[in-house]
$ cat upload.cif   # mmCIF, C-alpha atoms
data_query
#
loop_
_atom_site.label_atom_id
_atom_site.label_comp_id
_atom_site.auth_asym_id
_atom_site.auth_seq_id
_atom_site.Cartn_x
_atom_site.Cartn_y
_atom_site.Cartn_z
CA MET W 1 -41.21 10.22 -8.02
CA ASP W 2 -38.89 13.17 -8.54
CA SER W 3 -35.17 12.92 -9.12
CA SER W 4 -34.28 14.05 -5.60
CA LYS W 5 -35.94 10.93 -4.17
CA TYR W 6 -33.99 8.70 -6.56
CA TYR W 7 -30.88 10.55 -5.46
CA SER W 8 -31.69 10.01 -1.77
CA TYR W 9 -32.38 6.31 -2.31
CA GLY W 10 -29.15 5.97 -4.25
CA VAL W 11 -27.07 7.61 -1.55
CA GLY W 12 -28.78 5.47 1.09
CA LEU W 13 -28.12 2.28 -0.85
CA ILE W 14 -24.46 3.18 -1.31
CA LEU W 15 -24.07 3.87 2.42
CA VAL W 16 -25.66 0.51 3.28
CA LEU W 17 -23.38 -1.33 0.86
CA VAL W 18 -20.29 0.45 2.17
CA THR W 19 -21.30 -0.34 5.75
CA VAL W 20 -21.84 -4.02 4.93
CA ALA W 21 -18.54 -4.18 3.05
CA CYS W 22 -16.69 -2.63 5.99
CA ALA W 23 -18.39 -5.02 8.40
CA PHE W 24 -17.19 -8.00 6.36
CA LYS W 25 -13.75 -6.48 6.14
CA GLU W 26 -13.58 -6.22 9.92
CA LYS W 27 -14.42 -9.89 10.42
CA GLU W 28 -11.23 -11.47 9.18
CA LYS W 29 -10.22 -14.92 10.25
CA PRO W 30 -7.13 -15.19 12.44
CA VAL W 31 -4.01 -16.60 10.84
CA ASP W 32 -2.60 -19.95 11.93
CA PRO W 33 0.36 -18.90 14.14
CA GLU W 34 2.37 -21.81 12.73
CA LEU W 35 2.44 -19.96 9.41
CA LEU W 36 4.01 -16.80 10.81
CA PRO W 37 7.71 -17.75 11.18
CA GLY W 38 9.85 -16.97 8.15
CA LYS W 39 11.70 -14.16 6.41
CA TYR W 40 9.85 -10.99 5.47
CA TYR W 41 11.03 -8.00 3.47
CA LYS W 42 9.51 -4.57 2.92
CA ASN W 43 7.84 -4.44 -0.47
CA ILE W 44 9.22 -0.99 -1.29
CA ASP W 45 12.71 -1.61 0.12
CA PRO W 46 14.10 -5.19 0.15
CA ARG W 47 17.01 -3.99 2.28
CA ASP W 48 14.62 -3.90 5.23
CA SER W 49 14.00 -7.45 6.51
CA ILE W 50 12.41 -9.15 9.51
CA PHE W 51 13.23 -12.74 10.43
CA VAL W 52 10.40 -14.18 12.53
CA TYR W 53 11.51 -17.28 14.41
CA SER W 54 9.47 -20.13 15.89
CA ASP W 55 10.91 -19.54 19.36
CA LYS W 56 9.00 -16.21 19.50
CA THR W 57 12.06 -14.09 18.80
CA TYR W 58 12.68 -11.91 15.77
CA LYS W 59 15.65 -10.27 14.07
CA HIS W 60 15.25 -7.00 12.19
CA THR W 61 17.99 -5.94 9.78
CA TYR W 62 18.53 -2.98 7.47
CA HIS W 63 21.34 -2.89 4.90
CA ARG W 64 22.36 0.74 4.41
CA THR W 65 23.83 1.99 1.16
CA ASP W 66 27.16 2.70 2.89
CA GLY W 67 27.54 -1.04 3.53
CA THR W 68 26.77 -1.00 7.23
CA VAL W 69 23.93 -3.04 8.68
CA ASN W 70 21.51 -2.04 11.42
CA SER W 71 20.20 -4.98 13.37
CA GLN W 72 18.15 -5.70 16.45
CA THR W 73 16.58 -8.74 18.09
CA ASN W 74 13.74 -9.10 20.54
CA THR W 75 10.52 -11.05 21.01
CA TRP W 76 7.17 -11.20 19.23
CA ARG W 77 3.70 -12.33 20.24
CA TYR W 78 0.56 -12.97 18.25
CA LYS W 79 -2.92 -11.90 19.40
CA SER W 80 -5.40 -13.99 17.45
CA ASP W 81 -8.44 -12.02 18.65
CA ILE W 82 -7.28 -8.96 16.71
CA ASN W 83 -5.03 -10.78 14.21
CA HIS W 84 -1.95 -8.72 15.10
CA ILE W 85 1.70 -9.50 15.70
CA PHE W 86 3.35 -7.36 18.36
CA PHE W 87 7.08 -6.89 17.79
CA GLU W 88 8.55 -5.83 21.12
CA SER W 89 11.04 -2.93 21.28
CA PHE W 90 10.87 -2.52 17.53
CA LEU W 91 13.06 0.08 15.79
CA PHE W 92 12.27 1.53 12.37
CA TYR W 93 15.33 2.00 10.19
CA ASN W 94 15.94 4.02 7.06
CA ASN W 95 18.95 4.97 5.02
CA GLU W 96 19.32 8.45 6.47
CA TYR W 97 20.02 7.51 10.05
CA PRO W 98 19.72 4.62 12.49
CA GLU W 99 16.79 5.21 14.77
CA SER W 100 17.54 5.97 18.39
CA GLY W 101 16.16 3.70 21.06
CA ASP W 102 14.47 6.50 22.96
CA TYR W 103 11.05 5.34 21.81
CA ASN W 104 11.37 1.62 21.41
CA GLY W 105 7.93 0.30 22.26
CA SER W 106 6.06 -2.50 20.56
CA TRP W 107 5.01 -2.31 16.94
CA PRO W 108 1.59 -3.92 16.44
CA THR W 109 1.02 -4.95 12.85
CA LYS W 110 -1.98 -6.55 11.26
CA VAL W 111 -1.48 -9.86 9.45
CA PHE W 112 -3.00 -10.41 6.02
CA ILE W 113 -3.14 -13.40 3.71
CA ASP W 114 -3.24 -12.33 0.08
CA GLU W 115 -5.10 -14.01 -2.76
CA ASN W 116 -2.12 -16.30 -3.43
CA GLY W 117 -1.85 -17.46 0.17
CA GLY W 118 1.13 -15.22 0.91
CA ILE W 119 1.44 -13.58 4.31
CA LYS W 120 1.86 -9.81 4.64
CA LEU W 121 2.38 -7.56 7.66
CA ARG W 122 0.90 -4.11 7.15
CA TYR W 123 2.86 -0.93 7.68
CA SER W 124 0.53 1.41 5.77
CA GLU W 125 -2.04 1.33 3.00
CA SER W 126 0.50 0.38 0.36
CA ILE W 127 3.54 -0.74 2.32
CA TYR W 128 3.87 -4.26 3.70
CA PHE W 129 6.47 -6.67 4.96
CA VAL W 130 5.97 -9.66 2.67
CA LYS W 131 6.89 -13.21 3.64
CA VAL W 132 9.35 -14.60 1.11
CA GLN W 133 10.89 -17.56 2.86
CA GLU W 134 9.79 -20.21 5.33
CA LYS W 135 11.39 -20.52 8.74
CA MET F 1 -4.95 22.19 4.72
CA LYS F 2 -5.17 23.76 1.30
CA HIS F 3 -1.48 24.24 0.99
CA LEU F 4 -0.81 20.56 1.83
CA LEU F 5 -3.05 19.44 -1.00
CA GLY F 6 -1.45 22.00 -3.28
CA GLU F 7 2.04 20.86 -2.31
CA PHE F 8 1.10 17.26 -3.09
CA LEU F 9 -0.49 18.02 -6.44
CA SER F 10 2.12 20.48 -7.61
CA GLY F 11 5.17 18.74 -6.18
CA GLU F 12 6.30 22.02 -4.65
CA GLY F 13 6.80 22.80 -0.96
CA PRO F 14 8.50 20.60 1.62
CA GLU F 15 8.51 16.83 1.37
CA ARG F 16 8.13 16.54 5.14
CA SER F 17 6.00 18.74 7.40
CA LEU F 18 5.87 18.79 11.20
CA PHE F 19 2.94 20.18 13.19
CA TYR F 20 2.90 20.60 16.96
CA GLY F 21 -0.01 20.73 19.39
CA SER F 22 -0.77 24.41 19.02
CA HIS F 23 -1.17 24.16 15.25
CA PRO F 24 -4.75 24.24 13.95
CA LEU F 25 -4.17 21.15 11.82
CA THR F 26 -2.95 19.19 14.85
CA LYS F 27 -6.01 20.31 16.78
CA GLY F 28 -8.09 18.95 13.92
CA MET F 29 -6.40 15.56 14.14
CA LYS F 30 -6.89 15.15 17.89
CA ASN F 31 -10.57 14.30 17.51
CA SER F 32 -10.25 12.31 14.29
CA ALA F 33 -11.66 8.84 13.73
CA VAL F 34 -8.21 7.24 13.45
CA VAL F 35 -7.07 8.77 16.76
CA LYS F 36 -10.30 7.58 18.39
CA ARG F 37 -9.59 4.06 17.11
CA ALA F 38 -6.01 4.34 18.30
CA ARG F 39 -7.11 5.27 21.82
CA GLU F 40 -9.54 2.33 21.91
CA PHE F 41 -6.92 -0.07 20.55
CA TYR F 42 -4.37 1.11 23.08
CA ALA F 43 -6.80 0.78 25.99
CA ALA F 44 -7.71 -2.76 24.94
CA ASN F 45 -4.23 -4.07 24.12
CA TYR F 46 -1.89 -2.21 26.45
CA PRO F 47 -3.47 -2.81 29.87
CA ASN F 48 -0.12 -2.28 31.57
CA GLY F 49 0.85 0.78 29.57
CA GLY F 50 3.97 0.86 27.40
CA ASP F 51 4.83 2.46 24.10
CA MET F 52 2.78 1.72 21.01
CA ARG F 53 4.68 2.47 17.84
CA ARG F 54 3.27 3.33 14.41
CA GLU F 55 0.18 1.16 14.41
CA HIS F 56 -1.81 1.72 11.25
CA PHE F 57 -5.44 2.74 11.67
CA ASP F 58 -7.85 2.86 8.78
CA PHE F 59 -10.11 5.69 7.80
CA PHE F 60 -13.29 4.18 6.36
CA ALA F 61 -15.66 5.60 3.79
CA THR F 62 -18.33 5.46 6.48
CA ASP F 63 -16.29 7.99 8.50
CA VAL F 64 -16.75 10.66 5.86
CA PRO F 65 -20.13 12.01 7.03
CA PHE F 66 -18.75 12.41 10.56
CA VAL F 67 -15.40 14.09 9.99
CA GLY F 68 -14.86 17.12 12.18
CA SER F 69 -12.19 18.88 10.16
CA ASP F 70 -10.76 19.13 6.67
CA ILE F 71 -7.40 17.85 7.84
CA GLU F 72 -8.99 14.65 9.16
CA GLN F 73 -10.36 13.81 5.74
CA PHE F 74 -7.13 14.86 4.03
CA VAL F 75 -5.02 12.60 6.28
CA GLY F 76 -7.43 9.69 6.29
CA SER F 77 -5.66 6.53 7.44
CA ALA F 78 -2.55 7.11 9.53
CA ARG F 79 0.06 5.51 11.77
CA VAL F 80 -0.36 6.38 15.43
CA SER F 81 2.21 6.19 18.23
CA ILE F 82 1.35 6.62 21.91
CA TYR F 83 4.10 7.15 24.48
CA PRO F 84 3.09 7.42 28.16
CA ARG F 85 5.69 9.27 30.20
CA ASP F 86 5.06 9.84 33.92
CA SER F 87 2.10 12.22 34.06
CA ILE F 88 1.94 12.97 30.34
CA THR F 89 1.18 11.04 27.15
CA ILE F 90 2.82 11.90 23.85
CA PHE F 91 0.83 11.32 20.68
CA VAL F 92 2.55 11.14 17.30
CA ILE F 93 0.57 10.78 14.07
CA ASP F 94 2.41 9.94 10.86
CA ASN F 95 0.79 10.23 7.47
CA THR F 96 1.98 9.66 3.95
CA THR F 97 0.16 11.51 1.20
CA GLY F 98 0.60 9.54 -1.98
CA ARG F 99 -1.26 8.69 -5.12
CA TYR F 100 -2.35 5.32 -3.68
CA SER F 101 -3.94 6.63 -0.49
CA GLY F 102 -5.23 9.66 -2.31
CA GLY F 103 -7.54 7.42 -4.27
CA PHE F 104 -6.15 8.20 -7.68
CA ASP F 105 -7.38 4.89 -9.10
CA SER F 106 -5.15 2.94 -6.72
CA VAL F 107 -2.08 3.73 -8.76
CA PRO F 108 1.19 3.07 -6.93
CA ASP F 109 2.91 5.74 -4.89
CA ILE F 110 5.85 7.55 -6.44
CA PRO F 111 8.66 9.12 -4.40
CA ARG F 112 9.71 12.68 -5.04
CA VAL F 113 12.80 12.91 -7.21
CA PRO F 114 15.55 14.90 -5.44
CA GLY F 115 16.19 18.20 -7.15
CA GLN F 116 13.12 17.93 -9.35
CA ILE F 117 9.53 19.07 -9.01
CA THR F 118 7.53 15.86 -8.75
CA PRO F 119 3.76 16.38 -9.02
CA THR F 120 1.80 13.89 -6.85
CA GLY F 121 5.05 12.57 -5.40
CA ASN F 122 4.83 11.36 -1.80
CA ILE F 123 4.81 13.95 0.97
CA TYR F 124 4.87 13.19 4.69
CA GLN F 125 3.23 14.85 7.67
CA ARG F 126 3.85 14.32 11.37
CA PHE F 127 1.55 15.69 14.09
CA ILE F 128 2.76 15.73 17.71
CA TRP F 129 0.92 16.73 20.86
CA ILE F 130 1.04 16.06 24.59
CA GLU F 131 -1.90 15.32 26.88
#
$ encode --input "upload.cif" --output "structure tokens"
Amino acid sequence: MDSSKYYSYGVGLILVLVTVACAFKEKEKPVDPELLPGKYYKNIDPRDSIFVYSDKTYKHTYHRTDGTVNSQTNTWRYKSDINHIFFESFLFYNNEYPESGDYNGSWPTKVFIDENGGIKLRYSESIYFVKVQEK
Amino acid sequence: MKHLLGEFLSGEGPERSLFYGSHPLTKGMKNSAVVKRAREFYAANYPNGGDMRREHFDFFATDVPFVGSDIEQFVGSARVSIYPRDSITIFVIDNTTGRYSGGFDSVPDIPRVPGQITPTGNIYQRFIWIE
């Protein structure tokens, strides 16, 4: 057997393994909704916090460096079939400016449980809101 | 596309870039895997319409053989917003290019340092178009 065949088999095997790994990754178990309420903060910026309450409301706060605080409240819902929390009328804050409410739709975020049992809400590949306090 | 990669690696160029619908890179993103997933997610979870804001969609390794443009592979995973307005729909794609998502051994992202050239410091792209 020449080297090109080994190469083809190798590439094929890698593709199968990646496909299987992705398939397992897609089949995540839903999170117990009772575990969701609590205080979360953004892992790269602890000034950005979300308080998730048991009555299906949330409060989002951002402490700016000038001492002022942006804050909003609204409702949240959990869809277990896709393991997402939907924060209604969610605004994203940063230190440069408070976000306008012109585009204030829902923010769907996937829920993860890390290896230590902690709950994380994904914003991007490396940015999460991490639960740090119970309700 | 090349200049975005160069700006990331060298730390030169703008930290934030905006591309509208007529830009070739935006056209490349319209048919990307993450936008396809975003459309499917929106159709399944917003039966009554409404704004979807910055939902993260993954770009999988299995997407690589099917990418239609260089920019799709460069952006990879992204946050997608969909805003229906009367007879139009506004799409906004946000991407962060950092060391983590770039696959540099999963090292943490580093922000650009103001006033300094910061090689492989985070840069941000936003693509906007209307359908």
$ residues_around --input "upload.cif" --residues "stretch 32-40 of chain F" --least-positions-apart "6" --cutoff "9 Å" --atoms "only C-alpha atoms" --output "PDB file with C-alpha atoms, keeping the file's coordinate frame"
ATOM      1  CA  GLU F  55       0.180   1.160  14.410  1.00  0.00           C
ATOM      2  CA  HIS F  56      -1.810   1.720  11.250  1.00  0.00           C
ATOM      3  CA  PHE F  57      -5.440   2.740  11.670  1.00  0.00           C
ATOM      4  CA  ASP F  58      -7.850   2.860   8.780  1.00  0.00           C
ATOM      5  CA  PHE F  59     -10.110   5.690   7.800  1.00  0.00           C
ATOM      6  CA  PHE F  60     -13.290   4.180   6.360  1.00  0.00           C
ATOM      7  CA  ASP F  63     -16.290   7.990   8.500  1.00  0.00           C
ATOM      8  CA  PHE F  66     -18.750  12.410  10.560  1.00  0.00           C
ATOM      9  CA  VAL F  67     -15.400  14.090   9.990  1.00  0.00           C
ATOM     10  CA  GLY F  68     -14.860  17.120  12.180  1.00  0.00           C
ATOM     11  CA  SER F  69     -12.190  18.880  10.160  1.00  0.00           C
ATOM     12  CA  ILE F  71      -7.400  17.850   7.840  1.00  0.00           C
ATOM     13  CA  GLU F  72      -8.990  14.650   9.160  1.00  0.00           C
ATOM     14  CA  GLN F  73     -10.360  13.810   5.740  1.00  0.00           C
ATOM     15  CA  GLY F  76      -7.430   9.690   6.290  1.00  0.00           C
ATOM     16  CA  SER F  77      -5.660   6.530   7.440  1.00  0.00           C
ATOM     17  CA  ALA F  78      -2.550   7.110   9.530  1.00  0.00           C
ATOM     18  CA  ARG F  79       0.060   5.510  11.770  1.00  0.00           C
ATOM     19  CA  VAL F  80      -0.360   6.380  15.430  1.00  0.00           C
ATOM     20  CA  SER F  81       2.210   6.190  18.230  1.00  0.00           C
ATOM     21  CA  ILE F  82       1.350   6.620  21.910  1.00  0.00           C
ATOM     22  CA  ILE F  93       0.570  10.780  14.070  1.00  0.00           C
TER      23      ILE F  93
END
$ resolve_selection --input "upload.cif" --expression "the PyMOL selection byres ((chain W and resi 102) around 12)" --output "number ranges by chain"
W: 89-92, 98-101, 103-105; F: 51, 53, 83, 85
$ atom_distance --input "upload.cif" --atom1 "atom CA of W:Lys110" --atom2 "atom CA of F:Asn31"
23.4 Å
$ atom_distance --input "upload.cif" --atom1 "atom CA of F:Glu7" --atom2 "atom CA of F:Ile123"
8.1 Å
$ atom_distance --input "upload.cif" --atom1 "atom CA of F:Lys30" --atom2 "atom CA of F:Met52"
16.8 Å
$ resolve_selection --input "upload.cif" --expression "the PyMOL selection byres ((chain W and resi 57) around 12)" --output "JSON list (two decimals) with C-alpha atoms, in the coordinates of the input"
[["chain", "number", "residue", "atom", "x", "y", "z"],
["W", 36, "LEU", "CA", 4.01, -16.80, 10.81],
["W", 37, "PRO", "CA", 7.71, -17.75, 11.18],
["W", 38, "GLY", "CA", 9.85, -16.97, 8.15],
["W", 50, "ILE", "CA", 12.41, -9.15, 9.51],
["W", 51, "PHE", "CA", 13.23, -12.74, 10.43],
["W", 52, "VAL", "CA", 10.40, -14.18, 12.53],
["W", 53, "TYR", "CA", 11.51, -17.28, 14.41],
["W", 54, "SER", "CA", 9.47, -20.13, 15.89],
["W", 55, "ASP", "CA", 10.91, -19.54, 19.36],
["W", 56, "LYS", "CA", 9.00, -16.21, 19.50],
["W", 58, "TYR", "CA", 12.68, -11.91, 15.77],
["W", 59, "LYS", "CA", 15.65, -10.27, 14.07],
["W", 60, "HIS", "CA", 15.25, -7.00, 12.19],
["W", 72, "GLN", "CA", 18.15, -5.70, 16.45],
["W", 73, "THR", "CA", 16.58, -8.74, 18.09],
["W", 74, "ASN", "CA", 13.74, -9.10, 20.54],
["W", 75, "THR", "CA", 10.52, -11.05, 21.01],
["W", 76, "TRP", "CA", 7.17, -11.20, 19.23],
["W", 77, "ARG", "CA", 3.70, -12.33, 20.24],
["W", 78, "TYR", "CA", 0.56, -12.97, 18.25],
["W", 85, "ILE", "CA", 1.70, -9.50, 15.70],
["W", 86, "PHE", "CA", 3.35, -7.36, 18.36],
["W", 87, "PHE", "CA", 7.08, -6.89, 17.79],
["W", 88, "GLU", "CA", 8.55, -5.83, 21.12],
["W", 89, "SER", "CA", 11.04, -2.93, 21.28],
["W", 90, "PHE", "CA", 10.87, -2.52, 17.53],
["W", 135, "LYS", "CA", 11.39, -20.52, 8.74]]
$ build_atoms --input "upload.cif" --residues "stretch 13-45 of chain F" --atoms "N, CA and C atoms" --output "PDB file, in the frame of the given file"
ATOM      1  N   GLY F  13       6.893  22.789  -2.414  1.00  0.00           N
ATOM      2  CA  GLY F  13       6.800  22.800  -0.960  1.00  0.00           C
ATOM      3  C   GLY F  13       7.627  21.670  -0.363  1.00  0.00           C
ATOM      4  N   PRO F  14       7.645  21.597   0.974  1.00  0.00           N
ATOM      5  CA  PRO F  14       8.500  20.600   1.620  1.00  0.00           C
ATOM      6  C   PRO F  14       7.979  19.178   1.459  1.00  0.00           C
ATOM      7  N   GLU F  15       8.903  18.237   1.431  1.00  0.00           N
ATOM      8  CA  GLU F  15       8.510  16.830   1.370  1.00  0.00           C
ATOM      9  C   GLU F  15       7.979  16.362   2.722  1.00  0.00           C
ATOM     10  N   ARG F  16       8.552  16.936   3.793  1.00  0.00           N
ATOM     11  CA  ARG F  16       8.130  16.540   5.140  1.00  0.00           C
ATOM     12  C   ARG F  16       7.682  17.771   5.923  1.00  0.00           C
ATOM     13  N   SER F  17       6.540  17.634   6.619  1.00  0.00           N
ATOM     14  CA  SER F  17       6.000  18.740   7.400  1.00  0.00           C
ATOM     15  C   SER F  17       5.738  18.266   8.819  1.00  0.00           C
ATOM     16  N   LEU F  18       6.047  19.134   9.786  1.00  0.00           N
ATOM     17  CA  LEU F  18       5.870  18.790  11.200  1.00  0.00           C
ATOM     18  C   LEU F  18       4.930  19.806  11.835  1.00  0.00           C
ATOM     19  N   PHE F  19       3.916  19.308  12.553  1.00  0.00           N
ATOM     20  CA  PHE F  19       2.940  20.180  13.190  1.00  0.00           C
ATOM     21  C   PHE F  19       2.857  19.831  14.674  1.00  0.00           C
ATOM     22  N   TYR F  20       2.984  20.830  15.524  1.00  0.00           N
ATOM     23  CA  TYR F  20       2.900  20.600  16.960  1.00  0.00           C
ATOM     24  C   TYR F  20       1.494  20.878  17.479  1.00  0.00           C
ATOM     25  N   GLY F  21       1.324  20.701  18.792  1.00  0.00           N
ATOM     26  CA  GLY F  21      -0.010  20.730  19.390  1.00  0.00           C
ATOM     27  C   GLY F  21      -0.777  22.016  19.240  1.00  0.00           C
ATOM     28  N   SER F  22      -0.066  23.138  19.123  1.00  0.00           N
ATOM     29  CA  SER F  22      -0.770  24.410  19.020  1.00  0.00           C
ATOM     30  C   SER F  22      -1.243  24.708  17.604  1.00  0.00           C
ATOM     31  N   HIS F  23      -0.813  23.887  16.644  1.00  0.00           N
ATOM     32  CA  HIS F  23      -1.170  24.160  15.250  1.00  0.00           C
ATOM     33  C   HIS F  23      -2.625  23.760  14.978  1.00  0.00           C
ATOM     34  N   PRO F  24      -3.345  24.567  14.232  1.00  0.00           N
ATOM     35  CA  PRO F  24      -4.750  24.240  13.950  1.00  0.00           C
ATOM     36  C   PRO F  24      -4.942  22.864  13.299  1.00  0.00           C
ATOM     37  N   LEU F  25      -4.009  22.453  12.459  1.00  0.00           N
ATOM     38  CA  LEU F  25      -4.170  21.150  11.820  1.00  0.00           C
ATOM     39  C   LEU F  25      -4.009  20.017  12.831  1.00  0.00           C
ATOM     40  N   THR F  26      -3.102  20.197  13.791  1.00  0.00           N
ATOM     41  CA  THR F  26      -2.950  19.190  14.850  1.00  0.00           C
ATOM     42  C   THR F  26      -4.206  19.109  15.698  1.00  0.00           C
ATOM     43  N   LYS F  27      -4.769  20.291  16.000  1.00  0.00           N
ATOM     44  CA  LYS F  27      -6.010  20.310  16.780  1.00  0.00           C
ATOM     45  C   LYS F  27      -7.112  19.556  16.028  1.00  0.00           C
ATOM     46  N   GLY F  28      -7.102  19.670  14.713  1.00  0.00           N
ATOM     47  CA  GLY F  28      -8.090  18.950  13.920  1.00  0.00           C
ATOM     48  C   GLY F  28      -7.919  17.449  13.972  1.00  0.00           C
ATOM     49  N   MET F  29      -6.668  17.005  14.114  1.00  0.00           N
ATOM     50  CA  MET F  29      -6.400  15.560  14.140  1.00  0.00           C
ATOM     51  C   MET F  29      -6.730  14.926  15.486  1.00  0.00           C
ATOM     52  N   LYS F  30      -6.711  15.729  16.558  1.00  0.00           N
ATOM     53  CA  LYS F  30      -6.890  15.150  17.890  1.00  0.00           C
ATOM     54  C   LYS F  30      -8.211  14.410  18.039  1.00  0.00           C
ATOM     55  N   ASN F  31      -9.241  14.909  17.380  1.00  0.00           N
ATOM     56  CA  ASN F  31     -10.570  14.300  17.510  1.00  0.00           C
ATOM     57  C   ASN F  31     -10.948  13.473  16.275  1.00  0.00           C
ATOM     58  N   SER F  32      -9.970  13.054  15.526  1.00  0.00           N
ATOM     59  CA  SER F  32     -10.250  12.310  14.290  1.00  0.00           C
ATOM     60  C   SER F  32     -10.653  10.874  14.591  1.00  0.00           C
ATOM     61  N   ALA F  33     -11.224  10.232  13.583  1.00  0.00           N
ATOM     62  CA  ALA F  33     -11.660   8.840  13.730  1.00  0.00           C
ATOM     63  C   ALA F  33     -10.470   7.907  13.972  1.00  0.00           C
ATOM     64  N   VAL F  34      -9.355   8.150  13.280  1.00  0.00           N
ATOM     65  CA  VAL F  34      -8.210   7.240  13.450  1.00  0.00           C
ATOM     66  C   VAL F  34      -7.621   7.381  14.856  1.00  0.00           C
ATOM     67  N   VAL F  35      -7.596   8.591  15.397  1.00  0.00           N
ATOM     68  CA  VAL F  35      -7.070   8.770  16.760  1.00  0.00           C
ATOM     69  C   VAL F  35      -8.027   8.144  17.767  1.00  0.00           C
ATOM     70  N   LYS F  36      -9.314   8.243  17.516  1.00  0.00           N
ATOM     71  CA  LYS F  36     -10.300   7.580  18.390  1.00  0.00           C
ATOM     72  C   LYS F  36     -10.062   6.075  18.380  1.00  0.00           C
ATOM     73  N   ARG F  37      -9.859   5.508  17.190  1.00  0.00           N
ATOM     74  CA  ARG F  37      -9.590   4.060  17.110  1.00  0.00           C
ATOM     75  C   ARG F  37      -8.287   3.713  17.805  1.00  0.00           C
ATOM     76  N   ALA F  38      -7.311   4.588  17.659  1.00  0.00           N
ATOM     77  CA  ALA F  38      -6.010   4.340  18.300  1.00  0.00           C
ATOM     78  C   ALA F  38      -6.153   4.315  19.824  1.00  0.00           C
ATOM     79  N   ARG F  39      -6.913   5.249  20.366  1.00  0.00           N
ATOM     80  CA  ARG F  39      -7.110   5.270  21.820  1.00  0.00           C
ATOM     81  C   ARG F  39      -7.796   3.986  22.278  1.00  0.00           C
ATOM     82  N   GLU F  40      -8.812   3.551  21.531  1.00  0.00           N
ATOM     83  CA  GLU F  40      -9.540   2.330  21.910  1.00  0.00           C
ATOM     84  C   GLU F  40      -8.639   1.106  21.807  1.00  0.00           C
ATOM     85  N   PHE F  41      -7.840   1.051  20.739  1.00  0.00           N
ATOM     86  CA  PHE F  41      -6.920  -0.070  20.550  1.00  0.00           C
ATOM     87  C   PHE F  41      -5.901  -0.113  21.672  1.00  0.00           C
ATOM     88  N   TYR F  42      -5.383   1.043  22.021  1.00  0.00           N
ATOM     89  CA  TYR F  42      -4.370   1.110  23.080  1.00  0.00           C
ATOM     90  C   TYR F  42      -4.977   0.660  24.418  1.00  0.00           C
ATOM     91  N   ALA F  43      -6.165   1.140  24.732  1.00  0.00           N
ATOM     92  CA  ALA F  43      -6.800   0.780  25.990  1.00  0.00           C
ATOM     93  C   ALA F  43      -7.043  -0.726  26.082  1.00  0.00           C
ATOM     94  N   ALA F  44      -7.384  -1.339  24.943  1.00  0.00           N
ATOM     95  CA  ALA F  44      -7.710  -2.760  24.940  1.00  0.00           C
ATOM     96  C   ALA F  44      -6.473  -3.655  24.934  1.00  0.00           C
ATOM     97  N   ASN F  45      -5.378  -3.187  24.349  1.00  0.00           N
ATOM     98  CA  ASN F  45      -4.230  -4.070  24.120  1.00  0.00           C
ATOM     99  C   ASN F  45      -2.974  -3.688  24.885  1.00  0.00           C
TER     100      ASN F  45
END
